[in-house]
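Here's target-v3.cif, which has mmCIF, C-alpha atoms:
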```
data_structure
loop_
_atom_site.label_atom_id
_atom_site.label_comp_id
_atom_site.auth_asym_id
_atom_site.auth_seq_id
_atom_site.Cartn_x
_atom_site.Cartn_y
_atom_site.Cartn_z
CA MET A 290 171.40 48.48 57.93
CA MET A 291 171.08 52.26 58.10
CA ILE A 292 172.25 52.42 61.70
CA ALA A 293 175.22 50.23 60.74
CA HIS A 294 176.13 52.88 58.13
CA LEU A 295 175.71 55.65 60.71
CA LEU A 296 178.06 53.79 63.05
CA GLN A 297 180.76 53.91 60.36
CA LEU A 298 180.63 57.73 60.14
CA ASP A 299 182.06 60.38 62.44
CA LEU A 300 178.85 62.15 63.40
CA HIS A 301 180.42 64.46 65.98
CA ASP A 302 178.99 67.96 65.54
CA CYS A 303 177.31 67.11 62.23
CA ARG A 304 173.92 68.18 60.94
CA LEU A 305 171.63 65.39 59.69
CA LEU A 306 168.54 65.41 57.46
CA ASP A 307 166.30 62.35 57.80
CA CYS A 308 164.01 62.04 54.78
CA GLY A 309 160.91 59.98 55.51
CA THR A 310 161.72 60.05 59.21
CA GLY A 311 158.99 57.61 60.29
CA THR A 312 159.64 56.98 64.00
CA GLY A 313 162.69 59.26 63.96
CA ILE A 314 165.00 56.37 64.83
CA LEU A 315 167.77 57.37 62.41
CA ALA A 316 167.78 61.00 63.55
CA ILE A 317 167.68 59.97 67.20
CA ALA A 318 170.51 57.47 66.71
CA ALA A 319 172.61 60.14 64.97
CA LEU A 320 172.00 62.57 67.84
CA LYS A 321 172.96 59.90 70.38
CA LEU A 322 176.13 59.29 68.31
CA GLY A 323 177.17 62.94 68.52
CA ALA A 324 175.27 64.85 65.83
CA ARG A 325 174.67 68.48 66.73
CA GLU A 326 171.25 68.74 65.08
CA ALA A 327 168.79 66.61 63.13
CA VAL A 328 165.81 67.55 61.00
CA GLY A 329 163.35 64.89 59.91
CA TYR A 330 160.31 65.06 57.67
CA ASP A 331 157.56 62.69 56.67
CA ILE A 332 154.34 62.82 54.64
CA ASP A 333 152.44 61.08 57.43
CA GLU A 334 151.23 63.32 60.27
CA TRP A 335 151.23 60.45 62.78
CA SER A 336 154.88 59.71 61.95
CA VAL A 337 155.85 63.35 62.45
CA ASP A 338 154.15 63.42 65.86
CA ASN A 339 155.56 60.01 66.80
CA ALA A 340 159.10 61.09 65.86
CA ARG A 341 158.73 64.17 68.07
CA HIS A 342 157.49 62.00 70.94
CA ASN A 343 160.38 59.55 70.48
CA ALA A 344 162.85 62.44 70.52
CA VAL A 345 161.37 63.60 73.83
CA ILE A 346 161.59 60.19 75.49
CA ASN A 347 165.17 59.83 74.22
CA ARG A 348 166.04 63.30 75.55
CA VAL A 349 167.19 64.74 72.22
CA ASP A 350 164.14 66.89 71.46
CA ASP A 351 166.14 70.09 71.95
CA ARG A 352 168.21 69.16 68.86
CA PHE A 353 165.51 67.56 66.66
CA ARG A 354 162.84 69.07 64.43
CA SER A 355 160.16 66.90 62.80
CA LEU A 356 158.33 68.46 59.86
CA LEU A 357 155.26 67.45 57.86
CA GLY A 358 155.54 67.33 54.07
CA ASP A 359 157.32 65.72 51.17
CA ALA A 360 160.81 66.49 49.85
CA GLY A 361 159.51 69.08 47.39
CA GLN A 362 157.79 70.98 50.18
CA VAL A 363 160.29 70.62 53.01
CA ILE A 364 163.80 70.57 51.54
CA PRO A 365 163.62 73.90 49.62
CA ALA A 366 162.34 75.62 52.78
CA LEU A 367 165.23 74.43 54.98
CA ASP A 368 168.12 76.66 55.94
CA GLY A 369 171.68 75.60 55.26
CA THR A 370 173.26 72.32 54.32
CA PHE A 371 173.67 68.93 55.96
CA ASP A 372 176.66 66.68 56.58
CA VAL A 373 174.55 63.52 56.37
CA VAL A 374 171.26 62.85 54.59
CA THR A 375 169.39 59.60 55.30
CA ALA A 376 166.51 58.24 53.24
CA ASN A 377 164.89 54.87 53.93
CA ILE A 378 162.18 55.08 51.26
CA ASN A 379 161.23 53.13 48.14
CA ARG A 380 163.29 53.16 44.94
CA ASN A 381 161.02 55.46 42.94
CA ILE A 382 160.97 58.17 45.60
CA LEU A 383 164.72 57.86 46.13
CA LEU A 384 165.28 58.39 42.40
CA ALA A 385 162.83 61.28 42.16
CA ASP A 386 164.13 63.07 45.26
CA MET A 387 167.87 62.46 44.84
CA PRO A 388 168.48 65.92 43.27
CA LEU A 389 166.86 67.53 46.32
CA PHE A 390 168.89 65.37 48.72
CA VAL A 391 172.13 66.30 46.97
CA SER A 392 171.18 70.01 46.84
CA ARG A 393 171.46 70.15 50.65
CA LEU A 394 174.49 67.88 51.07
CA VAL A 395 177.83 69.50 51.90
CA PRO A 396 180.84 68.62 49.72
CA GLY A 397 182.27 65.46 51.27
CA GLY A 398 178.92 64.74 52.95
CA HIS A 399 177.23 61.35 53.00
CA LEU A 400 173.90 60.21 51.59
CA LEU A 401 172.62 56.96 53.12
CA LEU A 402 169.92 55.14 51.15
CA SER A 403 167.81 52.11 51.99
CA GLY A 404 164.32 50.74 51.45
CA PHE A 405 165.01 49.21 48.06
CA TYR A 406 165.81 45.80 46.61
CA ARG A 407 169.29 44.54 45.65
CA ASP A 408 168.24 44.49 41.99
CA ASP A 409 167.59 48.25 42.20
CA LEU A 410 171.12 49.15 43.29
CA PRO A 411 172.59 49.64 39.77
CA LEU A 412 169.80 52.06 38.85
CA LEU A 413 170.29 54.06 42.06
CA LEU A 414 174.07 54.10 41.62
CA ASP A 415 173.71 55.41 38.06
CA SER A 416 171.55 58.24 39.34
CA ALA A 417 173.93 58.90 42.24
CA ARG A 418 176.93 59.14 39.90
CA SER A 419 175.05 61.58 37.66
CA HIS A 420 174.63 63.78 40.74
CA GLY A 421 178.31 63.69 41.67
CA LEU A 422 178.13 60.96 44.30
CA ARG A 423 180.39 57.94 44.70
CA LEU A 424 179.70 54.64 46.43
CA VAL A 425 181.45 54.25 49.79
CA SER A 426 179.83 51.05 51.04
CA GLN A 427 176.83 48.83 50.59
CA THR A 428 175.11 46.13 52.58
CA ASN A 429 172.16 43.85 52.18
CA ASP A 430 169.84 41.75 54.28
CA GLY A 431 168.27 39.15 52.04
CA ASP A 432 166.77 41.03 49.11
CA TRP A 433 166.90 44.40 50.91
CA GLN A 434 169.79 46.71 50.09
CA SER A 435 171.35 49.85 51.53
CA CYS A 436 174.27 52.02 50.50
CA CYS A 437 176.42 54.88 51.70
CA LEU A 438 177.32 57.48 49.08
CA GLN A 439 179.64 60.46 49.33
CA ARG A 440 179.54 63.79 47.54
#
```
This entry written out as structure tokens:
Amino acid sequence: MMIAHLLQLDLHDCRLLDCGTGTGILAIAALKLGAREAVGYDIDEWSVDNARHNAVINRVDDRFRSLLGDAGQVIPALDGTFDVVTANINRNILLADMPLFVSRLVPGGHLLLSGFYRDDLPLLLDSARSHGLRLVSQTNDGDWQSCCLQR
């Protein structure tokens, strides 16, 4: 679902932040779709190393950084802003970290969220609206939900 959202955006020359990068697949896909740079972070050291390895085998490692830590540690230490922020994490972390995500999102930028249930969408949209975001699109796969928001 997240890659489907990425395919709907013009990623040419954009900068992407992948929160909870896991394997790095979203950052790597964005780079393959024209993003200039991607930064990913995860709380799991294996995931950080695996994302770096996946960037190497996909030949995008020169434009990808994978960092260890949570949003509170990583996001405040980053330089600049991002055109796209992706977060495929659970509802509670999405809600808690949304102010940090938005703090690094350029005006007009997109925040892509997934990893939550359809029933959680109204709660996430309420939080998004309170942070100046509007819903662009949403999709679901069974009980799983994703959405694309814009600042």
Distance query segment 367-379 of chain A at most 9 Å, all atoms listed in the file, self and fewer than 3 positions along chain excluded, as a PDB file with C-alpha atoms, in the coordinates of the input:
```pdb
ATOM      1  CA  MET A 291     171.080  52.260  58.100  1.00  0.00           C
ATOM      2  CA  LEU A 300     178.850  62.150  63.400  1.00  0.00           C
ATOM      3  CA  CYS A 303     177.310  67.110  62.230  1.00  0.00           C
ATOM      4  CA  ARG A 304     173.920  68.180  60.940  1.00  0.00           C
ATOM      5  CA  LEU A 305     171.630  65.390  59.690  1.00  0.00           C
ATOM      6  CA  LEU A 306     168.540  65.410  57.460  1.00  0.00           C
ATOM      7  CA  ASP A 307     166.300  62.350  57.800  1.00  0.00           C
ATOM      8  CA  CYS A 308     164.010  62.040  54.780  1.00  0.00           C
ATOM      9  CA  GLY A 309     160.910  59.980  55.510  1.00  0.00           C
ATOM     10  CA  THR A 310     161.720  60.050  59.210  1.00  0.00           C
ATOM     11  CA  LEU A 315     167.770  57.370  62.410  1.00  0.00           C
ATOM     12  CA  ALA A 316     167.780  61.000  63.550  1.00  0.00           C
ATOM     13  CA  ALA A 327     168.790  66.610  63.130  1.00  0.00           C
ATOM     14  CA  VAL A 363     160.290  70.620  53.010  1.00  0.00           C
ATOM     15  CA  ILE A 364     163.800  70.570  51.540  1.00  0.00           C
ATOM     16  CA  ILE A 382     160.970  58.170  45.600  1.00  0.00           C
ATOM     17  CA  LEU A 383     164.720  57.860  46.130  1.00  0.00           C
ATOM     18  CA  LEU A 384     165.280  58.390  42.400  1.00  0.00           C
ATOM     19  CA  PHE A 390     168.890  65.370  48.720  1.00  0.00           C
ATOM     20  CA  VAL A 391     172.130  66.300  46.970  1.00  0.00           C
ATOM     21  CA  SER A 392     171.180  70.010  46.840  1.00  0.00           C
ATOM     22  CA  ARG A 393     171.460  70.150  50.650  1.00  0.00           C
ATOM     23  CA  LEU A 394     174.490  67.880  51.070  1.00  0.00           C
ATOM     24  CA  VAL A 395     177.830  69.500  51.900  1.00  0.00           C
ATOM     25  CA  PRO A 396     180.840  68.620  49.720  1.00  0.00           C
ATOM     26  CA  GLY A 397     182.270  65.460  51.270  1.00  0.00           C
ATOM     27  CA  GLY A 398     178.920  64.740  52.950  1.00  0.00           C
ATOM     28  CA  HIS A 399     177.230  61.350  53.000  1.00  0.00           C
ATOM     29  CA  LEU A 400     173.900  60.210  51.590  1.00  0.00           C
ATOM     30  CA  LEU A 401     172.620  56.960  53.120  1.00  0.00           C
ATOM     31  CA  LEU A 402     169.920  55.140  51.150  1.00  0.00           C
ATOM     32  CA  SER A 403     167.810  52.110  51.990  1.00  0.00           C
ATOM     33  CA  GLY A 404     164.320  50.740  51.450  1.00  0.00           C
ATOM     34  CA  PHE A 405     165.010  49.210  48.060  1.00  0.00           C
ATOM     35  CA  TYR A 406     165.810  45.800  46.610  1.00  0.00           C
ATOM     36  CA  SER A 435     171.350  49.850  51.530  1.00  0.00           C
TER      37      SER A 435
END
```
Item to complete: Using all atoms listed in the file, pick whichever of A:Asp409, A:Asp386, A:Asp432, A:Asp331 has the shortest atom-to-atom distance to Gly358 of chain A.
Response: A:Asp331
Practice prompt. Just give me the residues with any atom within 10 Å of (166.1, 71.4, 69.8), file coordinates, counting only C-alpha atoms, written as an MDAnalysis selection string.
Written response: chainID A and resid 325:328 344:345 348:354
Take the residues that were just selected and, keeping C-alpha atoms, output them as an mmCIF file, keeping the file's coordinate frame.
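Output (again.cif):
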```cif
data_model
loop_
_atom_site.group_PDB
_atom_site.id
_atom_site.type_symbol
_atom_site.label_atom_id
_atom_site.label_comp_id
_atom_site.auth_asym_id
_atom_site.auth_seq_id
_atom_site.Cartn_x
_atom_site.Cartn_y
_atom_site.Cartn_z
ATOM 1 C CA ARG A 325 174.670 68.480 66.730
ATOM 2 C CA GLU A 326 171.250 68.740 65.080
ATOM 3 C CA ALA A 327 168.790 66.610 63.130
ATOM 4 C CA VAL A 328 165.810 67.550 61.000
ATOM 5 C CA ALA A 344 162.850 62.440 70.520
ATOM 6 C CA VAL A 345 161.370 63.600 73.830
ATOM 7 C CA ARG A 348 166.040 63.300 75.550
ATOM 8 C CA VAL A 349 167.190 64.740 72.220
ATOM 9 C CA ASP A 350 164.140 66.890 71.460
ATOM 10 C CA ASP A 351 166.140 70.090 71.950
ATOM 11 C CA ARG A 352 168.210 69.160 68.860
ATOM 12 C CA PHE A 353 165.510 67.560 66.660
ATOM 13 C CA ARG A 354 162.840 69.070 64.430
#
```
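One distance worth recording is that between atom CA of Asp338 of chain A and atom CA of Leu357 of chain A, which is 9.0 Å.
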Worksheet entry | Point-to-point distance in Å for atom CA of Arg341 of chain A and atom CA of Ala385 of chain A | 26.4 Å
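Distances from A:Arg423, A:Arg380, A:His301, A:His294 to Leu410 of chain A were compared using all atoms listed in the file, and the smallest one belongs to A:Arg380.
Proximity ranking of A:Cys436, A:Leu322, A:Ile314, A:Ala340 relative to Leu298 of chain A places A:Leu322 first, based on all atoms listed in the file.
Take atom CA of Ala319 of chain A and atom CA of Ser355 of chain A: the distance between them is 14.3 Å.
Nearest to Asp359 of chain A of all the residues A:Leu320, A:Val337, A:Ala417, A:Ile292 is A:Val337, based on all atoms listed in the file.
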Draw an axis-aligned box over all listed atoms of segment 399-405 of chain A, pad each side with 3 Å, and write its centre and edge lengths in Å, one decimal, as JSON.
```
{"center_x": 170.8, "center_y": 55.3, "center_z": 50.6, "size_x": 18.9, "size_y": 18.1, "size_z": 11.1}
```
Discussion item. Given only C-alpha atoms as the basis, pick out the residue of A:Asp333, A:Ala324, A:Leu414, A:Met290 nearest to Thr312 of chain A.
Written reply: A:Asp333
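Distances to Ser416 of chain A were evaluated for A:Asn347, A:Asn339, A:Asn381, A:Gln297 using only C-alpha atoms, and the minimum falls at A:Asn381.
For the file shown, the residue list from the PyMOL selection byres ((chain A and resi 420) around 9) reads Met387, Pro388, Val391, Asp415, Ser416, Ala417, Arg418, Ser419, Gly421, Leu422 and Arg440 of chain A.
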